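Coordinates as given in entry_21.txt (compact mmCIF, C-alpha atoms and all ligand atoms):
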```
# COMPACT_ATOMS: atom_id res chain seq x y z
CA MET A 131 156.66 -152.56 84.01
CA ALA A 132 159.10 -151.69 86.72
CA ARG A 133 162.20 -149.74 85.72
CA PRO A 134 165.50 -151.41 86.53
CA PRO A 135 166.40 -150.57 90.13
CA ARG A 136 168.70 -147.58 90.44
CA GLY A 137 172.37 -148.36 90.50
CA ARG A 138 171.88 -152.07 89.86
CA ILE A 139 174.97 -153.99 88.83
CA VAL A 140 174.73 -156.12 85.72
CA ARG A 141 177.35 -158.83 85.77
CA LEU A 142 177.25 -161.01 82.71
CA SER A 143 178.77 -164.38 83.30
CA GLU A 144 181.45 -166.32 81.42
CA GLY A 145 178.71 -168.76 80.48
CA SER A 146 176.97 -166.05 78.54
CA ARG A 147 179.65 -165.93 75.84
CA GLY A 148 178.59 -166.52 72.25
CA ALA A 149 175.72 -165.02 70.33
CA GLY A 150 173.30 -167.81 71.22
CA ASN A 151 173.86 -167.39 74.93
CA LEU A 152 174.25 -163.69 74.97
CA VAL A 153 170.79 -163.34 76.26
CA ARG A 154 171.61 -165.00 79.52
CA GLY A 155 173.93 -162.14 80.23
CA VAL A 156 171.66 -159.50 78.83
CA SER A 157 168.65 -160.98 80.54
CA ALA A 158 169.94 -159.69 83.86
CA PRO A 159 168.59 -156.16 83.35
CA ARG A 160 165.40 -157.63 81.92
CA THR A 161 164.39 -159.81 84.83
CA HIS A 162 161.66 -157.34 85.69
CA HIS A 163 160.19 -157.69 82.24
CA SER A 164 157.68 -160.13 80.93
CA THR A 165 160.10 -161.75 78.52
CA ALA A 166 160.82 -165.46 78.62
CA PRO A 167 163.84 -166.26 80.78
CA GLY A 168 166.96 -166.74 78.69
CA ARG A 169 165.59 -164.79 75.74
CA CYS A 170 166.56 -161.37 74.58
CA SER A 171 163.42 -160.67 72.63
CA PRO A 172 163.44 -157.47 70.60
CA VAL A 173 161.85 -154.53 72.35
CA GLU A 174 159.10 -152.87 70.38
CA ASN A 175 160.27 -149.59 68.97
CA GLY A 176 157.96 -146.71 69.58
CA ALA A 177 158.49 -143.40 67.80
CA ALA A 178 162.19 -142.72 68.27
CA GLN A 179 162.70 -139.89 70.75
CA PRO A 180 166.02 -138.09 71.15
CA VAL A 181 167.83 -140.02 73.81
CA ILE A 182 170.84 -139.01 75.92
CA VAL A 183 173.04 -141.89 77.02
CA ALA A 184 175.91 -141.38 79.48
CA ILE A 185 178.61 -144.06 79.59
CA ASP A 186 181.28 -143.73 82.28
CA GLY A 187 183.94 -145.97 83.74
CA PRO A 188 187.66 -146.46 84.31
CA SER A 189 190.24 -146.80 81.53
CA GLY A 190 190.02 -149.75 79.19
CA THR A 191 186.57 -150.90 80.24
CA GLY A 192 185.34 -150.52 76.66
CA LYS A 193 183.60 -147.15 76.82
CA SER A 194 184.77 -145.86 73.42
CA SER A 195 184.30 -149.10 71.50
CA THR A 196 180.88 -149.68 73.03
CA SER A 197 179.67 -146.09 72.71
CA LYS A 198 180.67 -145.77 69.05
CA ALA A 199 179.01 -149.04 68.10
CA VAL A 200 175.82 -148.33 70.05
CA ALA A 201 175.54 -144.83 68.58
CA ALA A 202 176.15 -146.10 65.03
CA GLN A 203 173.61 -148.89 65.44
CA LEU A 204 170.93 -146.58 66.83
CA GLY A 205 171.57 -143.54 64.62
CA LEU A 206 172.80 -141.36 67.49
CA SER A 207 175.67 -138.91 67.71
CA TYR A 208 178.77 -139.87 69.70
CA LEU A 209 181.04 -137.78 71.92
CA ASP A 210 184.41 -138.96 73.25
CA THR A 211 185.03 -136.58 76.16
CA GLY A 212 188.40 -138.19 76.95
CA ALA A 213 189.57 -137.03 73.52
CA GLN A 214 188.68 -133.44 74.50
CA TYR A 215 190.75 -133.64 77.70
CA ARG A 216 193.56 -135.21 75.71
CA ALA A 217 193.30 -132.43 73.11
CA ILE A 218 193.62 -129.64 75.68
CA THR A 219 196.55 -131.53 77.26
CA TRP A 220 198.22 -131.77 73.84
CA TRP A 221 197.82 -128.00 73.43
CA MET A 222 199.35 -127.36 76.88
CA VAL A 223 202.34 -129.58 76.11
CA THR A 224 202.80 -128.11 72.63
CA ASN A 225 202.75 -124.59 74.04
CA GLY A 226 205.24 -125.32 76.80
CA ILE A 227 202.83 -124.92 79.72
CA ASP A 228 204.13 -126.43 82.97
CA ILE A 229 201.84 -129.41 83.60
CA GLN A 230 202.87 -129.48 87.27
CA ASP A 231 201.53 -125.95 87.79
CA PRO A 232 197.71 -125.87 88.03
CA SER A 233 197.62 -122.07 88.05
CA ALA A 234 199.60 -121.93 84.78
CA ILE A 235 197.14 -124.39 83.24
CA ALA A 236 194.14 -122.48 84.60
CA ALA A 237 195.42 -119.19 83.18
CA VAL A 238 195.33 -120.49 79.58
CA ALA A 239 192.50 -123.03 79.80
CA GLY A 240 190.23 -120.81 77.69
CA LYS A 241 192.68 -120.34 74.82
CA PRO A 242 192.57 -123.45 72.61
CA GLU A 243 189.54 -123.98 70.39
CA ILE A 244 188.56 -127.64 70.59
CA VAL A 245 186.14 -129.03 68.02
CA SER A 246 184.70 -132.56 68.23
CA GLY A 247 183.07 -134.30 65.26
CA THR A 248 180.27 -136.50 66.56
CA ASP A 249 179.72 -139.01 63.73
CA PRO A 250 180.28 -142.39 65.46
CA LYS A 251 181.65 -143.82 62.21
CA ASP A 252 184.18 -141.02 61.88
CA PRO A 253 184.73 -139.16 65.15
CA THR A 254 187.16 -136.27 64.79
CA ILE A 255 188.99 -133.89 67.10
CA THR A 256 190.80 -130.68 66.21
CA VAL A 257 192.60 -128.00 68.22
CA ASP A 258 192.71 -124.57 66.59
CA GLY A 259 191.96 -126.28 63.29
CA THR A 260 194.71 -128.93 63.59
CA ASP A 261 193.70 -132.60 63.47
CA VAL A 262 195.12 -134.08 66.69
CA ALA A 263 193.45 -137.50 66.61
CA GLY A 264 196.85 -139.22 66.33
CA PRO A 265 199.06 -137.19 68.68
CA ILE A 266 196.56 -137.24 71.58
CA ARG A 267 196.89 -141.05 71.83
CA GLY A 268 200.65 -140.89 72.43
CA GLN A 269 202.32 -141.83 75.70
CA ASP A 270 203.29 -138.22 76.47
CA VAL A 271 199.69 -136.98 76.47
CA THR A 272 198.39 -140.12 78.20
CA SER A 273 200.82 -139.66 81.09
CA LYS A 274 199.89 -135.98 81.55
CA VAL A 275 196.15 -135.87 80.89
CA SER A 276 195.07 -136.64 84.48
CA ALA A 277 197.01 -133.64 85.82
CA VAL A 278 195.44 -131.30 83.25
CA SER A 279 191.91 -132.67 83.60
CA ALA A 280 192.05 -132.16 87.38
CA VAL A 281 192.25 -128.37 87.00
CA PRO A 282 188.79 -126.86 87.71
CA GLU A 283 189.11 -124.17 84.98
CA VAL A 284 189.80 -126.90 82.41
CA ARG A 285 186.82 -128.93 83.59
CA SER A 286 184.37 -126.04 83.54
CA ARG A 287 185.43 -125.08 80.01
CA ILE A 288 185.20 -128.64 78.66
CA THR A 289 181.98 -129.40 80.54
CA GLU A 290 180.29 -126.38 78.96
CA LEU A 291 181.42 -127.55 75.52
CA GLN A 292 180.11 -131.07 76.19
CA ARG A 293 176.72 -129.80 77.31
CA SER A 294 176.31 -127.64 74.23
CA ILE A 295 177.22 -130.57 71.94
CA ALA A 296 174.71 -132.83 73.71
CA ALA A 297 172.00 -130.17 73.52
CA SER A 298 172.40 -129.85 69.77
CA ALA A 299 172.24 -133.59 68.97
CA VAL A 300 168.99 -133.93 67.04
CA THR A 301 168.40 -137.68 67.34
CA GLY A 302 170.24 -138.04 70.64
CA ILE A 303 173.81 -138.82 71.66
CA VAL A 304 176.01 -141.30 73.45
CA VAL A 305 178.52 -139.39 75.59
CA GLU A 306 181.35 -141.33 77.21
CA GLY A 307 183.81 -140.30 79.90
CA ARG A 308 184.35 -140.25 83.65
CA ASP A 309 181.80 -137.76 85.02
CA ILE A 310 179.05 -137.68 82.43
CA GLY A 311 176.33 -139.26 84.56
CA THR A 312 177.35 -137.41 87.72
CA THR A 313 178.19 -133.89 86.52
CA VAL A 314 177.98 -133.21 82.80
CA LEU A 315 174.55 -134.68 82.05
CA PRO A 316 172.93 -135.60 85.37
CA ASP A 317 169.52 -135.78 83.63
CA ALA A 318 170.66 -138.28 80.99
CA ASP A 319 167.93 -140.75 79.99
CA LEU A 320 170.20 -143.70 80.60
CA LYS A 321 173.43 -143.95 82.59
CA ILE A 322 175.79 -146.90 82.23
CA PHE A 323 178.92 -147.49 84.32
CA LEU A 324 181.29 -149.99 82.72
CA THR A 325 183.80 -151.87 84.86
CA ALA A 326 186.32 -154.68 84.31
CA SER A 327 189.16 -156.15 86.32
CA ALA A 328 192.52 -154.38 86.04
CA GLU A 329 193.95 -157.60 84.55
CA ALA A 330 191.36 -157.75 81.77
CA ARG A 331 191.80 -154.07 80.99
CA ALA A 332 195.58 -154.35 80.88
CA ALA A 333 195.35 -157.38 78.59
CA ARG A 334 193.07 -155.43 76.24
CA ARG A 335 195.41 -152.44 76.17
CA SER A 336 198.53 -154.61 75.73
CA GLY A 337 196.86 -156.23 72.75
CA GLU A 338 196.28 -152.76 71.32
CA LEU A 339 199.82 -151.49 71.97
CA LYS A 340 201.44 -154.56 70.45
CA GLY A 341 204.19 -155.98 72.63
CA ALA A 342 203.55 -153.67 75.61
CA ASP A 343 204.47 -155.24 78.92
CA LEU A 344 201.34 -156.40 80.77
CA HIS A 345 202.53 -155.42 84.24
CA THR A 346 203.62 -151.92 83.17
CA THR A 347 200.36 -151.41 81.29
CA ARG A 348 198.33 -152.53 84.32
CA GLU A 349 200.24 -150.18 86.66
CA ALA A 350 199.73 -147.23 84.31
CA LEU A 351 195.98 -147.91 84.08
CA VAL A 352 195.60 -148.27 87.83
CA GLN A 353 197.57 -145.08 88.45
CA ARG A 354 195.50 -143.06 85.97
CA ASP A 355 192.25 -144.35 87.50
CA ALA A 356 193.49 -143.47 91.00
CA ALA A 357 194.33 -139.92 89.90
CA ASP A 358 191.01 -139.53 88.08
CA SER A 359 189.03 -140.93 91.04
CA SER A 360 190.72 -138.86 93.70
CA ARG A 361 190.69 -135.38 92.16
CA LYS A 362 188.50 -132.85 93.97
CA THR A 363 186.53 -131.58 90.98
CA SER A 364 184.17 -134.03 89.31
CA PRO A 365 186.11 -137.26 89.87
CA LEU A 366 185.57 -140.54 88.06
CA ALA A 367 182.49 -141.93 89.82
CA LYS A 368 179.40 -144.01 89.23
CA ALA A 369 176.16 -142.04 89.36
CA GLY A 370 173.70 -143.36 91.93
CA ASP A 371 171.19 -144.17 89.19
CA ALA A 372 173.64 -145.76 86.73
CA VAL A 373 173.41 -149.38 85.62
CA GLU A 374 176.79 -151.02 86.22
CA VAL A 375 177.94 -153.54 83.62
CA ASP A 376 180.97 -155.66 84.51
CA THR A 377 182.62 -156.43 81.16
CA THR A 378 185.45 -158.62 82.48
CA GLU A 379 184.05 -161.85 81.09
CA LEU A 380 182.18 -160.40 78.13
CA THR A 381 183.05 -159.97 74.50
CA LEU A 382 182.69 -156.50 73.07
CA THR A 383 179.74 -157.73 71.01
CA GLN A 384 177.96 -158.82 74.17
CA VAL A 385 178.51 -155.48 75.86
CA ILE A 386 177.22 -153.61 72.81
CA GLU A 387 174.09 -155.77 72.66
CA CYS A 388 173.48 -155.27 76.35
CA VAL A 389 173.66 -151.49 76.06
CA VAL A 390 171.57 -151.40 72.87
CA THR A 391 168.90 -153.40 74.70
CA LEU A 392 168.93 -150.97 77.62
CA VAL A 393 168.62 -147.97 75.28
CA GLU A 394 165.79 -149.56 73.33
CA GLU A 395 163.95 -150.32 76.54
CA LYS A 396 164.34 -146.73 77.58
CA ARG A 397 163.11 -145.50 74.20
CA ALA A 398 160.13 -147.81 74.42
CA GLY A 399 159.31 -146.28 77.79
CA LYS A 400 159.86 -149.51 79.67
N1 LIG B 1 184.47 -156.62 76.24
C1 LIG B 1 185.65 -156.55 75.64
N2 LIG B 1 186.38 -157.65 75.42
C2 LIG B 1 187.60 -157.60 74.84
N3 LIG B 1 188.19 -156.46 74.42
C3 LIG B 1 187.51 -155.34 74.60
C4 LIG B 1 186.22 -155.30 75.21
N4 LIG B 1 185.80 -154.02 75.26
C5 LIG B 1 186.79 -153.29 74.71
N5 LIG B 1 187.80 -154.07 74.30
C6 LIG B 1 189.08 -153.64 73.70
O1 LIG B 1 189.78 -153.01 74.77
C7 LIG B 1 190.50 -151.88 74.29
C8 LIG B 1 190.06 -150.67 75.10
O2 LIG B 1 188.70 -150.38 74.78
P1 LIG B 1 188.17 -148.89 74.74
O3 LIG B 1 189.17 -147.98 74.12
O4 LIG B 1 186.82 -148.92 74.15
O5 LIG B 1 188.11 -148.60 76.30
P2 LIG B 1 187.84 -147.23 77.05
O6 LIG B 1 187.08 -147.54 78.27
O7 LIG B 1 187.26 -146.24 76.11
O8 LIG B 1 189.33 -146.81 77.42
P3 LIG B 1 189.90 -145.34 77.75
O9 LIG B 1 189.07 -144.76 78.83
O10 LIG B 1 191.30 -145.58 78.21
O11 LIG B 1 189.84 -144.55 76.47
C9 LIG B 1 190.20 -151.80 72.79
O12 LIG B 1 191.25 -152.43 72.11
C10 LIG B 1 188.92 -152.58 72.63
O13 LIG B 1 188.80 -153.17 71.36
N1 LIG B 2 184.69 -137.14 81.30
C1 LIG B 2 186.04 -137.27 81.35
C2 LIG B 2 186.73 -137.94 80.38
C3 LIG B 2 188.09 -138.03 80.46
N2 LIG B 2 188.74 -137.43 81.46
C4 LIG B 2 190.20 -137.38 81.55
O1 LIG B 2 190.75 -137.67 80.28
C5 LIG B 2 191.64 -138.78 80.37
C6 LIG B 2 191.68 -139.51 79.08
O2 LIG B 2 190.46 -140.21 78.88
P1 LIG B 2 190.36 -141.45 77.88
O3 LIG B 2 188.94 -141.92 78.02
O4 LIG B 2 190.67 -140.96 76.53
O5 LIG B 2 191.36 -142.46 78.34
C7 LIG B 2 191.20 -139.53 81.61
O6 LIG B 2 192.22 -140.30 82.19
C8 LIG B 2 190.78 -138.38 82.52
O7 LIG B 2 191.89 -137.79 83.14
C9 LIG B 2 188.03 -136.78 82.44
O8 LIG B 2 188.62 -136.24 83.40
N3 LIG B 2 186.69 -136.69 82.37
```
Could you render the structure from this file as structure tokens?
Ligand SMILES: Nc1ncnc2c1ncn2[C@@H]1O[C@H](COP(=O)(O)OP(=O)(O)OP(=O)(O)O)[C@@H](O)[C@H]1O
Ligand SMILES: Nc1ccn([C@@H]2O[C@H](COP(=O)(O)O)[C@@H](O)[C@H]2O)c(=O)n1
Amino acid sequence: MARPPRGRIVRLSEGSRGAGNLVRGVSAPRTHHSTAPGRCSPVENGAAQPVIVAIDGPSGTGKSSTSKAVAAQLGLSYLDTGAQYRAITWWMVTNGIDIQDPSAIAAVAGKPEIVSGTDPKDPTITVDGTDVAGPIRGQDVTSKVSAVSAVPEVRSRITELQRSIAASAVTGIVVEGRDIGTTVLPDADLKIFLTASAEARAARRSGELKGADLHTTREALVQRDAADSSRKTSPLAKAGDAVEVDTTELTLTQVIECVVTLVEEKRAGK
């Protein structure tokens, strides 16, 4: 069986909504397989091998929701690398470091101890023993994280941490972020790049931050993506061998099923 072509884009159509039709969407990556068209037949499970899955993409494309669900469903660990960059940003802000000064950030990048819990049903994040899961989602950290994550000393520290977490995942791991497939884990077994229109992503985020203005939310997303894509060190980018999944017209359930199918195919050696 031929492997999916490298870098192929999977766009699942509006018409694929609903559990019964999901397969039409998911069948896109399976067109090289000997399954009946329009069917998402279960892939035979061989002996489960540890599997490393890299999921990248811009803000609000569904990386965290998808990665957690896929990892939980398949018994894999889960790592939210954005939470790590947010955690180090929180530490910088809390300790009065000037976010506009990359050399000030670089000088202290090695100081905070960041610990990530990798249970997809209960992911945790602490800095020097303090639970920061709440504070790192605030507007202050969100508006500053791109400046901190652009500093090479921050990236090398966090990348090393991410690699060691992935290496110690016994059953395998789903790691989500911006540069996992390109830099952190270039040998990942499966690389997914999630996309969605800025409008869809803003609508999702506005729904989350009840009452947030759609236009302001969209502008903030677009700005953060632009900063993350244009930094010199390890920018947000799709790996050449990643499968791109456009989630604009898909429900979260459809995206999860699509990714689970791709992982199972990989595990089955297809
Ligand atoms: N396919 C989808 N359809 C509708 N809503 C979705 C879909 N995927 C995710 N969402 C919702 O969109 C919001 C953002 O999703 P999520 O946090 O998973 O995105 P993300 O890519 O991890 O974002 P970020 O990079 O900013 O952390 C959540 O409220 C989630 O429930
Ligand atoms: N691999 C990554 C992951 C994240 N970042 C930076 O962290 C920010 C927050 O990410 P969220 O997924 O929690 O929204 C993001 O905007 C990036 O600046 C990164 O650089 N590399």
**Asked** Excluding same-chain residues fewer than 6 positions from stretch 305-317 of chain A, what lies within 9 Å of it counting all atoms listed in the file, as a ChimeraX atom specification?
**Response** /A:182-188,193-194,197,207-212,289-290,292-293,296,323,358-359,364-372
**Message:** Taking only C-alpha atoms and all ligand atoms and a cut-off of 10 Å, can you tell me which residues surround ligand LIG 1 (chain B), written as JSON, numbers by chain?
**Reply:** {"A": [185, 186, 187, 188, 189, 190, 191, 192, 193, 194, 195, 196, 197, 198, 199, 210, 211, 212, 213, 267, 272, 306, 307, 308, 324, 325, 326, 330, 331, 332, 333, 334, 335, 336, 337, 338, 339, 351, 354, 355, 376, 377, 378, 379, 380, 381, 382, 383, 384, 385, 386]}
Please produce an output containing C-alpha atoms for each residue in the selection, written as a compact mmCIF listing (two decimals), keeping the file's coordinate frame.
```txt
# COMPACT_ATOMS: atom_id res chain seq x y z
CA ILE A 185 178.61 -144.06 79.59
CA ASP A 186 181.28 -143.73 82.28
CA GLY A 187 183.94 -145.97 83.74
CA PRO A 188 187.66 -146.46 84.31
CA SER A 189 190.24 -146.80 81.53
CA GLY A 190 190.02 -149.75 79.19
CA THR A 191 186.57 -150.90 80.24
CA GLY A 192 185.34 -150.52 76.66
CA LYS A 193 183.60 -147.15 76.82
CA SER A 194 184.77 -145.86 73.42
CA SER A 195 184.30 -149.10 71.50
CA THR A 196 180.88 -149.68 73.03
CA SER A 197 179.67 -146.09 72.71
CA LYS A 198 180.67 -145.77 69.05
CA ALA A 199 179.01 -149.04 68.10
CA ASP A 210 184.41 -138.96 73.25
CA THR A 211 185.03 -136.58 76.16
CA GLY A 212 188.40 -138.19 76.95
CA ALA A 213 189.57 -137.03 73.52
CA ARG A 267 196.89 -141.05 71.83
CA THR A 272 198.39 -140.12 78.20
CA GLU A 306 181.35 -141.33 77.21
CA GLY A 307 183.81 -140.30 79.90
CA ARG A 308 184.35 -140.25 83.65
CA LEU A 324 181.29 -149.99 82.72
CA THR A 325 183.80 -151.87 84.86
CA ALA A 326 186.32 -154.68 84.31
CA ALA A 330 191.36 -157.75 81.77
CA ARG A 331 191.80 -154.07 80.99
CA ALA A 332 195.58 -154.35 80.88
CA ALA A 333 195.35 -157.38 78.59
CA ARG A 334 193.07 -155.43 76.24
CA ARG A 335 195.41 -152.44 76.17
CA SER A 336 198.53 -154.61 75.73
CA GLY A 337 196.86 -156.23 72.75
CA GLU A 338 196.28 -152.76 71.32
CA LEU A 339 199.82 -151.49 71.97
CA LEU A 351 195.98 -147.91 84.08
CA ARG A 354 195.50 -143.06 85.97
CA ASP A 355 192.25 -144.35 87.50
CA ASP A 376 180.97 -155.66 84.51
CA THR A 377 182.62 -156.43 81.16
CA THR A 378 185.45 -158.62 82.48
CA GLU A 379 184.05 -161.85 81.09
CA LEU A 380 182.18 -160.40 78.13
CA THR A 381 183.05 -159.97 74.50
CA LEU A 382 182.69 -156.50 73.07
CA THR A 383 179.74 -157.73 71.01
CA GLN A 384 177.96 -158.82 74.17
CA VAL A 385 178.51 -155.48 75.86
CA ILE A 386 177.22 -153.61 72.81
```
**Prompt:** What is the distance between atom C7 of ligand LIG 2 (chain B) and atom CA of A:Glu394, in Å to one decimal?
**Reply:**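 Computing it gives 28.5 Å between the two atoms.
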If the box runs along x, y and z of the file and leaves 5 Å on each side of stretch 221-240 of chain A, what are its centre and edge lengths in Å, one decimal, as AutoDock Vina command-line options?
```
--center_x 197.7 --center_y -124.4 --center_z 80.3 --size_x 25.0 --size_y 20.4 --size_z 25.4
```
**Request:** Between A:Ala328, A:Leu392, A:Val284, A:Gly264, single out the one closest to A:Thr347, counting all atoms listed in the file.
**Result:**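 Between A:Ala328, A:Leu392, A:Val284, A:Gly264, the residue approaching A:Thr347 most closely is A:Ala328.
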**Request:** Could you tell me which of A:Pro232, A:Pro180, A:Pro242, A:Pro265 comes closest to A:Ala201 if we count only C-alpha atoms?
**Result:**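 The closest residue to A:Ala201 is A:Pro180.
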**Message:** Please compute the atom CA of A:Ile218-atom CA of A:Ala297 distance, one decimal, in Å.
**Reply:**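 Computing the Euclidean distance for atom CA of A:Ile218 and atom CA of A:Ala297 yields 21.7 Å.
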**Message:** Taking all atoms listed in the file into account, name the residue in A:Lys274, A:Lys362, A:Leu206, A:Gln214 that is nearest to A:Thr254.
**Reply:**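 Using all atoms listed in the file, the shortest distance to A:Thr254 belongs to A:Gln214.
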**Complete:** A:Ser233 proximity check over A:Gly259, A:Gly205, A:Pro282, A:Gly268, using only C-alpha atoms: winner is A:Pro282
**Asked** With all atoms listed in the file as the atoms that count, which of A:Ser273, A:Gln203, A:Thr224, A:Ser286 lies nearest to A:Gly240?
**Response**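 Comparing A:Ser273, A:Gln203, A:Thr224, A:Ser286 against A:Gly240, the winner is A:Ser286.
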**Asked** Which is closer to ligand LIG 2 (chain B) than all the others in A:Lys241, A:Arg348, A:Arg361, A:Lys396, using only C-alpha atoms and all ligand atoms?
**Response** A:Arg361
**Asked** How many Å separate atom O5 of ligand LIG 2 (chain B) from atom CA of A:Tyr215?
**Response** 8.9 Å
**Request:** Give me the residues within 8 Å of A:Ile229 as a ChimeraX atom specification, counting all atoms listed in the file and dropping any in the same chain fewer than 4 places off.
**Result:** /A:222-223,234-235,274,277-278
Starting from the sparse input, extend stretch 379-398 of chain A to N, CA and C atoms and give the output as a PDB file, in the frame of the given file.
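Result file follows (rebuild-v2.pdb):
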```pdb
ATOM      1  N   GLU A 379     184.199-160.542  81.743  1.00  0.00           N
ATOM      2  CA  GLU A 379     184.050-161.850  81.090  1.00  0.00           C
ATOM      3  C   GLU A 379     183.250-161.763  79.791  1.00  0.00           C
ATOM      4  N   LEU A 380     183.045-160.563  79.311  1.00  0.00           N
ATOM      5  CA  LEU A 380     182.180-160.400  78.130  1.00  0.00           C
ATOM      6  C   LEU A 380     182.970-160.035  76.883  1.00  0.00           C
ATOM      7  N   THR A 381     182.480-160.466  75.751  1.00  0.00           N
ATOM      8  CA  THR A 381     183.050-159.970  74.500  1.00  0.00           C
ATOM      9  C   THR A 381     182.485-158.573  74.260  1.00  0.00           C
ATOM     10  N   LEU A 382     183.165-157.845  73.402  1.00  0.00           N
ATOM     11  CA  LEU A 382     182.690-156.500  73.070  1.00  0.00           C
ATOM     12  C   LEU A 382     181.279-156.577  72.458  1.00  0.00           C
ATOM     13  N   THR A 383     181.065-157.573  71.640  1.00  0.00           N
ATOM     14  CA  THR A 383     179.740-157.730  71.010  1.00  0.00           C
ATOM     15  C   THR A 383     178.650-157.889  72.063  1.00  0.00           C
ATOM     16  N   GLN A 384     178.945-158.625  73.100  1.00  0.00           N
ATOM     17  CA  GLN A 384     177.960-158.820  74.170  1.00  0.00           C
ATOM     18  C   GLN A 384     177.651-157.524  74.902  1.00  0.00           C
ATOM     19  N   VAL A 385     178.712-156.748  75.152  1.00  0.00           N
ATOM     20  CA  VAL A 385     178.510-155.480  75.860  1.00  0.00           C
ATOM     21  C   VAL A 385     177.655-154.543  75.002  1.00  0.00           C
ATOM     22  N   ILE A 386     177.974-154.497  73.713  1.00  0.00           N
ATOM     23  CA  ILE A 386     177.220-153.610  72.810  1.00  0.00           C
ATOM     24  C   ILE A 386     175.744-154.019  72.805  1.00  0.00           C
ATOM     25  N   GLU A 387     175.494-155.305  72.692  1.00  0.00           N
ATOM     26  CA  GLU A 387     174.090-155.770  72.660  1.00  0.00           C
ATOM     27  C   GLU A 387     173.369-155.433  73.946  1.00  0.00           C
ATOM     28  N   CYS A 388     174.073-155.572  75.051  1.00  0.00           N
ATOM     29  CA  CYS A 388     173.480-155.270  76.350  1.00  0.00           C
ATOM     30  C   CYS A 388     173.064-153.800  76.408  1.00  0.00           C
ATOM     31  N   VAL A 389     173.961-152.922  75.972  1.00  0.00           N
ATOM     32  CA  VAL A 389     173.660-151.490  76.060  1.00  0.00           C
ATOM     33  C   VAL A 389     172.569-151.105  75.062  1.00  0.00           C
ATOM     34  N   VAL A 390     172.631-151.682  73.857  1.00  0.00           N
ATOM     35  CA  VAL A 390     171.570-151.400  72.870  1.00  0.00           C
ATOM     36  C   VAL A 390     170.211-151.793  73.443  1.00  0.00           C
ATOM     37  N   THR A 391     170.157-152.937  74.098  1.00  0.00           N
ATOM     38  CA  THR A 391     168.900-153.400  74.700  1.00  0.00           C
ATOM     39  C   THR A 391     168.402-152.402  75.741  1.00  0.00           C
ATOM     40  N   LEU A 392     169.320-151.932  76.567  1.00  0.00           N
ATOM     41  CA  LEU A 392     168.930-150.970  77.620  1.00  0.00           C
ATOM     42  C   LEU A 392     168.416-149.663  77.004  1.00  0.00           C
ATOM     43  N   VAL A 393     169.065-149.217  75.925  1.00  0.00           N
ATOM     44  CA  VAL A 393     168.620-147.970  75.280  1.00  0.00           C
ATOM     45  C   VAL A 393     167.242-148.184  74.639  1.00  0.00           C
ATOM     46  N   GLU A 394     167.076-149.311  73.988  1.00  0.00           N
ATOM     47  CA  GLU A 394     165.790-149.560  73.330  1.00  0.00           C
ATOM     48  C   GLU A 394     164.658-149.666  74.348  1.00  0.00           C
ATOM     49  N   GLU A 395     164.956-150.257  75.467  1.00  0.00           N
ATOM     50  CA  GLU A 395     163.950-150.320  76.540  1.00  0.00           C
ATOM     51  C   GLU A 395     163.575-148.921  76.989  1.00  0.00           C
ATOM     52  N   LYS A 396     164.586-148.104  77.130  1.00  0.00           N
ATOM     53  CA  LYS A 396     164.340-146.730  77.580  1.00  0.00           C
ATOM     54  C   LYS A 396     163.510-145.990  76.550  1.00  0.00           C
ATOM     55  N   ARG A 397     163.848-146.171  75.266  1.00  0.00           N
ATOM     56  CA  ARG A 397     163.110-145.500  74.200  1.00  0.00           C
ATOM     57  C   ARG A 397     161.666-145.970  74.136  1.00  0.00           C
ATOM     58  N   ALA A 398     161.488-147.248  74.465  1.00  0.00           N
ATOM     59  CA  ALA A 398     160.130-147.810  74.420  1.00  0.00           C
ATOM     60  C   ALA A 398     159.349-147.453  75.675  1.00  0.00           C
TER      61      ALA A 398
END
```
